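Here the structure comes first, spelled out in structure tokens, and everything after it is commentary.
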Amino acid sequence: MEALRLEDVTVVLGGEAVLEDISFSMDRGEFMGILGPNGAGKTVLLKTILGVIRPSRGRVVVLGREPQAARDRIGYVPQRETMSLDLPVSGLEVLELAASVKGIRDRGEIERVLEAVGLRAEELEKKRYGWLSGGTQQRILLARALLGDPELLLLDEPLSAVDAPTRRDILDFLGEMKGRKTIIMVTHDPNDLVGLADSIMLLNRRVFSLGTPAEVCRPEILSSFYGSKVVVAEVGGCTYVISGDRHA
Amino acid sequence: MLEVPMFLVYAFLSLALTAVMSTTVGGLIVLKGSTFYISAVAHATLAGAALGILLNFPMYYGAFLFGLLGSASLALATKMGRAQEEAAIGVFFSMSMSLAVILIYLIRDYAVKAWSLLLGDPLSVGPADLAHMLLFSSATLLIFSLFRDRLVLSSLDPEGSEALGVRPALSNFVVYLMASMAVVVALRVIGMILVYAILIVPPAAASLGARSARQFFLRTLAISLGASTVSLPLGYAVNLPISGIIGLILTAVYAVSFLGRGVR
């Protein structure tokens, strides 16, 4: 069953086309990874699906509806640094405020999403959000995206600025979510998507390549996309990028 | 039994209303990081108040009208990005102050009235003033209580709140509208020059050590009310301007909070 469809979507911001002719669709439960250099339009694409940015041309259909009408079925994790860390708000309040805005009055829902990401309300109640570790902040943002049990999850670089154990935990968590939710994750590292993504999009304002990991993570395609030589290796049936400009 | 003169009661009530404005509106403005806006809207309301006096109608409504116009134009400017918003505040600041200077000059007995607009005086607040102030503060409180979580979230995290369906331009306008009303309430009490001190310094001090938004708003109220409660009898006893004393006490509170910051 279809979860998402984009038809010839073009987004022009400040007179410049930041996305051009994007077309793809996703089935429910599918996991898509998006790779691309800075300025490729990855965040704009997520915000267009979210309905925050309206396409200049083309159409976005989320769960059979306009994105704005489907917003309560979408969970979004923005890049962590978009929120000031120097403000008096507790980790728990980040969730409570979002729950209130979403019209969720059930306290049990906050406990549920915190448990899902391995946190407890008592740990977050008396600590400023900005004083928590980067990993805990990221888990809070993930928990916030899960409020109301959305069908579609949009994750904008959820693994940036977190340490290796937290990175592993978040990837494990996403592995548990796989198949239960439709997920789009933007990342700079193709290896984050190993074993998770059903499909990978290489994006640089236009769709450079879109297909299964085996189809996309081929040396000639990645080398051409990043403009430098990329070497990949097959380990245990999975394709890993072992050298090249992974963070282009 | 000690009888408290009514003008002191009115003065205290007007300061209490201003403290509530500091807690709600000042708190939101500090969370937004747009504290400069309070100065801009104070200058705008000064021009409006002067126009009210000149045309012989209650200055509160002239002040509010100008504040409202400023809020609408600045909320539109926020759509153009942070740099443009700050530039727009600066331009608006200059325009409204120029207008205020001309209007104040045109008021016949302008020296006394201009002085009262610039410096304020809680001891000169009468029942009629208090009624106008109550009207504006009630409206502000009503908006705050109805939309508190949306306004707090959009002030703290504009991008995250937009993803949850909060419209940033509308949210900005509502906060700026509330700021106009808060400045109108504070203008008579503390004057245009020190509006920033009474509306922004308490939440700025509270933000330094508060661990949660709940604690932040409660501390702001305590600081603001505490400074007013100490300053009123003190200023009255030593015959010095109460607004100046409040400003100095709040500065001291901020300095102590700043030195004690980071204690987690």
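FYI, nothing fancy with the structure tokens labels: chains A, B, ... in order, residues from 1 per chain, ligands from 1 as they appear.
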Selection: 12 Å around segment 106-119 of chain A, only C-alpha atoms, excl. self and same-chain fewer than 4 positions, as a PyMOL selection string: chain A and resi 75+91-100+102+123-125+135-150+166+169-174+176-177
Write out as a ChimeraX atom specification the set of residues from segment 18-235 of chain A that DSSP, computed on the backbone, places in helix (DSSP H, G or I). /A:42-50,71-73,80-82,91-101,107-116,121-125,129-131,134-146,164-177,190-193,213-216,219-226
Check every residue of chain A for an atom within 7 Å of chain B, counting only C-alpha atoms, and provide those that qualify as a VMD selection string. chain A and resid 50 52 76 78 82 to 83 87 to 90 97 100 to 102 126 to 128
Which one of B:Phe258, B:Phe64, B:Phe36, B:Phe92 sits closest to Ala186 of chain B if you count only C-alpha atoms?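 Ranking B:Phe258, B:Phe64, B:Phe36, B:Phe92 by distance to Ala186 of chain B, first place goes to B:Phe64.
Closest approach to Val60 of chain A among A:Asp21, A:Asp72, A:Glu16, A:Glu7: A:Glu7, based on only C-alpha atoms.
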Write out as an NGL selection string the residues lying within 7 Å of Thr187 of chain A, counting only C-alpha atoms and excluding same-chain residues fewer than 2 positions away. :A and (34-35 or 157 or 185 or 189)
With N, CA and C atoms kept, could you save the residues just selected as a PDB file, in the first residue's frame?
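What follows is the written file selection-v8.pdb:
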ATOM      1  N   ILE A  34      18.604   8.757   2.114  1.00  0.00           N
ATOM      2  CA  ILE A  34      18.932   9.798   1.137  1.00  0.00           C
ATOM      3  C   ILE A  34      20.352  10.281   1.407  1.00  0.00           C
ATOM      4  N   LEU A  35      21.164  10.228   0.385  1.00  0.00           N
ATOM      5  CA  LEU A  35      22.544  10.695   0.465  1.00  0.00           C
ATOM      6  C   LEU A  35      22.722  11.870  -0.483  1.00  0.00           C
ATOM      7  N   GLU A 157      19.383  13.741   9.291  1.00  0.00           N
ATOM      8  CA  GLU A 157      20.696  13.498   9.903  1.00  0.00           C
ATOM      9  C   GLU A 157      20.589  13.198  11.398  1.00  0.00           C
ATOM     10  N   MET A 185      15.430   8.545   5.879  1.00  0.00           N
ATOM     11  CA  MET A 185      16.539   9.056   6.692  1.00  0.00           C
ATOM     12  C   MET A 185      17.594   9.702   5.807  1.00  0.00           C
ATOM     13  N   ASP A 189      26.576   9.354   5.563  1.00  0.00           N
ATOM     14  CA  ASP A 189      27.397   8.144   5.525  1.00  0.00           C
ATOM     15  C   ASP A 189      26.591   6.963   4.986  1.00  0.00           C
TER      16      ASP A 189
END
For Thr23 of chain B, the nearest of the candidates B:Leu234, B:Leu240, B:Arg261, B:Pro203, counting only C-alpha atoms: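 Residue with the minimum atom-to-atom distance to Thr23 of chain B: B:Pro203.
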Could you give me, as an MDAnalysis selection string, the residues within 7 Å of Ala63 of chain B, counting only C-alpha atoms and dropping anything in the same chain fewer than 2 positions from it? chainID B and resid 45:49 59:61 65:67 184
Within 12 Å of Ile249 of chain B, counting only C-alpha atoms, which residues show up once you throw out same-chain ones fewer than 6 positions away? Write them as a PyMOL selection string, please. chain B and resi 197-198+201-202+205+223-232+234-235+242-243+255-256
Restricting it to N, CA and C atoms, dump the selection as a compact mmCIF listing (two decimals), in the first residue's frame.
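The new file part_37.txt reads:
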# COMPACT_ATOMS: atom_id res chain seq x y z
N ALA B 197 13.99 47.34 31.00
CA ALA B 197 14.47 46.80 32.28
C ALA B 197 13.40 45.98 32.97
N ILE B 198 12.18 46.50 33.02
CA ILE B 198 11.16 45.80 33.82
C ILE B 198 10.56 44.60 33.08
N VAL B 201 14.66 42.26 31.85
CA VAL B 201 15.72 41.84 32.79
C VAL B 201 15.25 40.70 33.71
N PRO B 202 14.02 40.74 34.26
CA PRO B 202 13.63 39.60 35.12
C PRO B 202 13.69 38.24 34.39
N ALA B 205 17.33 37.27 33.77
CA ALA B 205 18.00 36.78 34.98
C ALA B 205 17.52 35.36 35.31
N ILE B 223 11.12 37.36 40.72
CA ILE B 223 12.10 38.44 40.60
C ILE B 223 11.39 39.76 40.36
N SER B 224 10.46 39.74 39.43
CA SER B 224 9.77 40.97 39.05
C SER B 224 8.93 41.52 40.22
N LEU B 225 8.16 40.63 40.84
CA LEU B 225 7.33 41.07 41.97
C LEU B 225 8.19 41.49 43.15
N GLY B 226 9.24 40.74 43.40
CA GLY B 226 10.14 41.04 44.51
C GLY B 226 10.78 42.41 44.35
N ALA B 227 11.29 42.71 43.14
CA ALA B 227 11.94 44.00 42.90
C ALA B 227 10.93 45.13 43.08
N SER B 228 9.70 44.93 42.62
CA SER B 228 8.68 45.97 42.75
C SER B 228 8.31 46.18 44.21
N THR B 229 8.16 45.08 44.94
CA THR B 229 7.73 45.17 46.34
C THR B 229 8.78 45.88 47.19
N VAL B 230 10.05 45.67 46.88
CA VAL B 230 11.12 46.34 47.64
C VAL B 230 11.23 47.80 47.20
N SER B 231 11.12 48.04 45.91
CA SER B 231 11.38 49.39 45.38
C SER B 231 10.31 50.40 45.76
N LEU B 232 9.07 49.96 45.83
CA LEU B 232 7.97 50.91 46.08
C LEU B 232 8.13 51.62 47.44
N LEU B 234 10.73 51.71 49.31
CA LEU B 234 12.07 52.32 49.38
C LEU B 234 12.10 53.66 48.66
N GLY B 235 11.59 53.67 47.43
CA GLY B 235 11.58 54.91 46.64
C GLY B 235 10.72 55.96 47.31
N ILE B 242 10.91 55.64 41.71
CA ILE B 242 10.76 54.19 41.93
C ILE B 242 11.23 53.40 40.72
N SER B 243 10.96 53.94 39.51
CA SER B 243 11.36 53.21 38.30
C SER B 243 12.87 53.01 38.26
N ALA B 255 23.02 40.44 37.83
CA ALA B 255 24.47 40.24 38.06
C ALA B 255 24.69 39.03 38.96
N VAL B 256 23.90 38.91 40.03
CA VAL B 256 24.04 37.77 40.94
C VAL B 256 23.71 36.46 40.21
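Nearest residue to Asp8 of chain A, choosing from A:Ala69, A:Met26, A:Leu196, A:Val61 and counting only C-alpha atoms: A:Val61.
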Which residues are near segment 68-78 of chain B? Cut-off 8 Å, only C-alpha atoms, ignore same chain within fewer than 4 positions. Put them as a list in words.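 Returned residues: Val41, Ala44, Phe64, Arg82, Gln84, Glu85, Ala88, Ile89, Phe92, Ala169, Leu170, Asn172, Phe173, Tyr176, Leu177 and Ser180 of chain B.
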Secondary structure check, strand (DSSP E or B) residues of segment 169-244 of chain A, as a short mmCIF file (atom, residue, chain, number, x, y, z; two decimals) with N, CA and C atoms, in the first residue's frame:
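Saved to result18.cif:
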data_model
loop_
_atom_site.label_atom_id
_atom_site.label_comp_id
_atom_site.auth_asym_id
_atom_site.auth_seq_id
_atom_site.Cartn_x
_atom_site.Cartn_y
_atom_site.Cartn_z
N LYS A 178 11.94 -0.61 11.48
CA LYS A 178 11.88 -0.98 10.06
C LYS A 178 10.73 -1.96 9.81
N LYS A 181 7.12 1.18 10.30
CA LYS A 181 6.83 2.54 9.87
C LYS A 181 7.52 2.81 8.54
N THR A 182 7.00 3.78 7.81
CA THR A 182 7.66 4.21 6.59
C THR A 182 8.69 5.26 7.01
N ILE A 183 9.94 5.05 6.63
CA ILE A 183 11.01 5.92 7.15
C ILE A 183 11.85 6.47 6.00
N ILE A 184 12.12 7.77 6.07
CA ILE A 184 13.12 8.38 5.18
C ILE A 184 14.20 8.96 6.08
N MET A 185 15.43 8.54 5.88
CA MET A 185 16.54 9.06 6.69
C MET A 185 17.59 9.70 5.81
N VAL A 186 17.90 10.97 6.13
CA VAL A 186 18.98 11.67 5.44
C VAL A 186 20.26 11.42 6.23
N SER A 199 15.73 1.12 0.00
CA SER A 199 16.13 1.87 -1.20
C SER A 199 17.01 3.04 -0.79
N ILE A 200 17.84 3.47 -1.73
CA ILE A 200 18.73 4.61 -1.48
C ILE A 200 18.58 5.59 -2.63
N MET A 201 18.47 6.89 -2.25
CA MET A 201 18.41 7.93 -3.27
C MET A 201 19.69 8.77 -3.18
N LEU A 202 20.34 8.97 -4.30
CA LEU A 202 21.44 9.92 -4.37
C LEU A 202 20.85 11.21 -4.92
N LEU A 203 20.91 12.26 -4.11
CA LEU A 203 20.22 13.50 -4.45
C LEU A 203 21.20 14.66 -4.56
N ASN A 204 21.12 15.36 -5.63
CA ASN A 204 21.84 16.63 -5.75
C ASN A 204 20.98 17.57 -6.59
N ARG A 206 18.56 17.15 -8.15
CA ARG A 206 17.79 16.19 -8.93
C ARG A 206 18.10 14.80 -8.40
N VAL A 207 17.29 13.84 -8.75
CA VAL A 207 17.59 12.46 -8.36
C VAL A 207 18.69 11.95 -9.29
N PHE A 208 19.86 11.70 -8.69
CA PHE A 208 20.98 11.19 -9.49
C PHE A 208 20.81 9.70 -9.71
N SER A 209 20.40 9.03 -8.64
CA SER A 209 20.19 7.58 -8.74
C SER A 209 19.21 7.16 -7.65
N LEU A 210 18.36 6.20 -7.95
CA LEU A 210 17.42 5.69 -6.95
C LEU A 210 17.20 4.21 -7.21
N GLY A 211 17.43 3.42 -6.18
CA GLY A 211 17.25 1.98 -6.35
C GLY A 211 17.57 1.24 -5.07
N VAL A 231 35.46 3.18 -3.23
CA VAL A 231 35.65 1.73 -3.25
C VAL A 231 34.63 1.12 -2.31
N VAL A 232 33.99 0.06 -2.73
CA VAL A 232 33.01 -0.61 -1.86
C VAL A 232 33.43 -2.07 -1.68
N ALA A 233 32.93 -2.68 -0.60
CA ALA A 233 33.26 -4.09 -0.34
C ALA A 233 32.02 -4.82 0.10
N GLU A 234 31.93 -6.06 -0.27
CA GLU A 234 30.82 -6.92 0.16
C GLU A 234 31.24 -7.66 1.42
N VAL A 235 30.53 -7.46 2.51
CA VAL A 235 30.84 -8.18 3.75
C VAL A 235 29.53 -8.77 4.26
N CYS A 238 26.40 -7.64 2.69
CA CYS A 238 26.08 -6.20 2.70
C CYS A 238 27.19 -5.43 2.01
N THR A 239 26.82 -4.35 1.36
CA THR A 239 27.80 -3.53 0.66
C THR A 239 28.24 -2.37 1.57
N TYR A 240 29.53 -2.27 1.85
CA TYR A 240 30.05 -1.17 2.66
C TYR A 240 30.93 -0.28 1.80
N VAL A 241 30.86 1.02 2.03
CA VAL A 241 31.79 1.95 1.39
C VAL A 241 33.02 2.00 2.28
N ILE A 242 34.15 1.56 1.77
CA ILE A 242 35.34 1.49 2.64
C ILE A 242 36.34 2.60 2.35
N SER A 243 36.20 3.31 1.26
CA SER A 243 37.05 4.48 1.06
C SER A 243 36.38 5.39 0.05
#
